[in-house]
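Comments concern the structure below.
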Amino acid sequence: MSRYVVGLTGGIAAGKSEVTRRFEALGIVVADADLAARAVVEAGSPALAQIAARFGAGMLLPDGQLDRARLRAHVFADPAERAALEAITHPAIRRLMQQQCEQALSPYAIAAIPLLTEVGGRKAYPWLDRVLLVDAPEGVQHARLMQRDGIDAALADRMIAAQASRIQRQALADDVVVNDGQPDDLQAQVEHLHAQYLGLAGG
């Protein structure tokens, strides 16, 4: 059981997945908010029943699964509806991630929460012992986004601007991994933090 939990966050295209893979390679369990968000709305889940009650049975596919595309289009057209959806899903996501971290069979666990700053930071996740930011210069994020998603510069700008600023994320962080495209540097930073977290977790 892991009683020490590190929250991992970072801006879009900062390289969060690459960093979490390296921690996993060191034997550390990672609870992923994106995966948890899918799990809590699976057919038959309490959250999905709440979504159907709030937004209508038309948000479900014939097989009982969530019609993600229809719900996404609905809530992104209306901030109040998006807030209503988040009020259903976010508590369920937090509960699942906390459970996954507590049950992790590693000396400490990582909770990968891309939008940690945007969803309330430590107030929303009071069970985080420490926050690790995966940081990249905006120019690097911009170039990665254009290459990864095949988008133009204007859309990349809007996607970066839609998130919390680097300064806001840095204010939340206890530790920072700088992921500016040097793989050897990245591995050294991860191994250093791994040793630090082992000590903090008493492992």
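Ligands are numbered from 1 in the order shown, chains are lettered A, B, ... in the order of the structure tokens, and residues start at 1 in each chain.
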
Excluding same-chain residues fewer than 6 positions from Ala25 (chain A), what lies within 12 Å of it counting only C-alpha atoms, as a short mmCIF file (atom, residue, chain, number, x, y, z; two decimals) with C-alpha atoms, in the first residue's frame?
data_model
loop_
_atom_site.label_atom_id
_atom_site.label_comp_id
_atom_site.auth_asym_id
_atom_site.auth_seq_id
_atom_site.Cartn_x
_atom_site.Cartn_y
_atom_site.Cartn_z
CA GLU A 18 7.29 10.31 -21.36
CA VAL A 19 8.09 11.16 -17.75
CA SER A 106 5.17 0.41 -4.95
CA GLN A 187 16.36 10.31 -17.42
CA VAL A 190 13.68 11.25 -13.14
CA GLU A 191 16.25 9.05 -11.39
CA HIS A 194 12.93 8.75 -7.75
#

Can you pull out the residues contacting region 166-178 of chain A? Cut-off 7 Å, using only C-alpha atoms, and skip same-chain residues under 3 positions away; I want them as a PDB file with N, CA and C atoms, in the first residue's frame.
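Okay, result-v2.pdb is ready:
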ATOM      1  N   THR A 117      -3.783  22.126 -11.989  1.00  0.00           N
ATOM      2  CA  THR A 117      -3.919  23.556 -11.676  1.00  0.00           C
ATOM      3  C   THR A 117      -5.334  24.037 -11.975  1.00  0.00           C
ATOM      4  N   ARG A 130       3.013  15.663  -2.571  1.00  0.00           N
ATOM      5  CA  ARG A 130       3.979  16.485  -3.293  1.00  0.00           C
ATOM      6  C   ARG A 130       3.483  16.655  -4.729  1.00  0.00           C
ATOM      7  N   VAL A 131       3.895  17.738  -5.377  1.00  0.00           N
ATOM      8  CA  VAL A 131       3.492  17.985  -6.771  1.00  0.00           C
ATOM      9  C   VAL A 131       4.735  18.138  -7.639  1.00  0.00           C
ATOM     10  N   LEU A 132       4.761  17.343  -8.711  1.00  0.00           N
ATOM     11  CA  LEU A 132       5.858  17.380  -9.689  1.00  0.00           C
ATOM     12  C   LEU A 132       5.331  17.970 -10.987  1.00  0.00           C
ATOM     13  N   LEU A 133       5.987  19.002 -11.454  1.00  0.00           N
ATOM     14  CA  LEU A 133       5.621  19.646 -12.717  1.00  0.00           C
ATOM     15  C   LEU A 133       6.572  19.211 -13.822  1.00  0.00           C
ATOM     16  N   VAL A 134       6.009  18.727 -14.919  1.00  0.00           N
ATOM     17  CA  VAL A 134       6.792  18.499 -16.128  1.00  0.00           C
ATOM     18  C   VAL A 134       6.662  19.776 -16.953  1.00  0.00           C
ATOM     19  N   ASP A 135       7.769  20.463 -17.113  1.00  0.00           N
ATOM     20  CA  ASP A 135       7.750  21.793 -17.712  1.00  0.00           C
ATOM     21  C   ASP A 135       8.549  21.812 -19.003  1.00  0.00           C
ATOM     22  N   ALA A 136       8.062  22.564 -19.968  1.00  0.00           N
ATOM     23  CA  ALA A 136       8.783  22.770 -21.227  1.00  0.00           C
ATOM     24  C   ALA A 136       8.567  24.209 -21.666  1.00  0.00           C
ATOM     25  N   GLN A 189      17.076  13.415 -14.451  1.00  0.00           N
ATOM     26  CA  GLN A 189      16.150  14.125 -13.555  1.00  0.00           C
ATOM     27  C   GLN A 189      15.166  13.160 -12.897  1.00  0.00           C
TER      28      GLN A 189
END

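Nearest residue to Gly27 (chain A), choosing from A:Ile12, A:Ala39, A:Ala69, A:Pro107 and counting only C-alpha atoms: A:Pro107.
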
*Would you please extract all strand (DSSP E) residues from region 1-201 of chain A, as assigned by DSSP on the backbone, and give them as a ChimeraX atom specification?*
/A:5-10,29-32,109-112,130-135,175-178

*Between A:Lys16, A:Arg144, A:Arg54, A:Arg21, single out the one closest to Ile88 (chain A), counting only C-alpha atoms.*
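Closest to Ile88 (chain A) of all the choices is A:Arg54.
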
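Distances to Ala14 (chain A) were evaluated for A:Ile113, A:Ala161, A:Ala195, A:Val140 using only C-alpha atoms, and the minimum falls at A:Val140.
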
*Using DSSP on the backbone coordinates, identify all residues within region 4-129 of chain A classified as alpha helix (DSSP H); present the result as a ChimeraX atom specification.*
/A:16-25,33-39,46-55,68-76,79-102,121-124
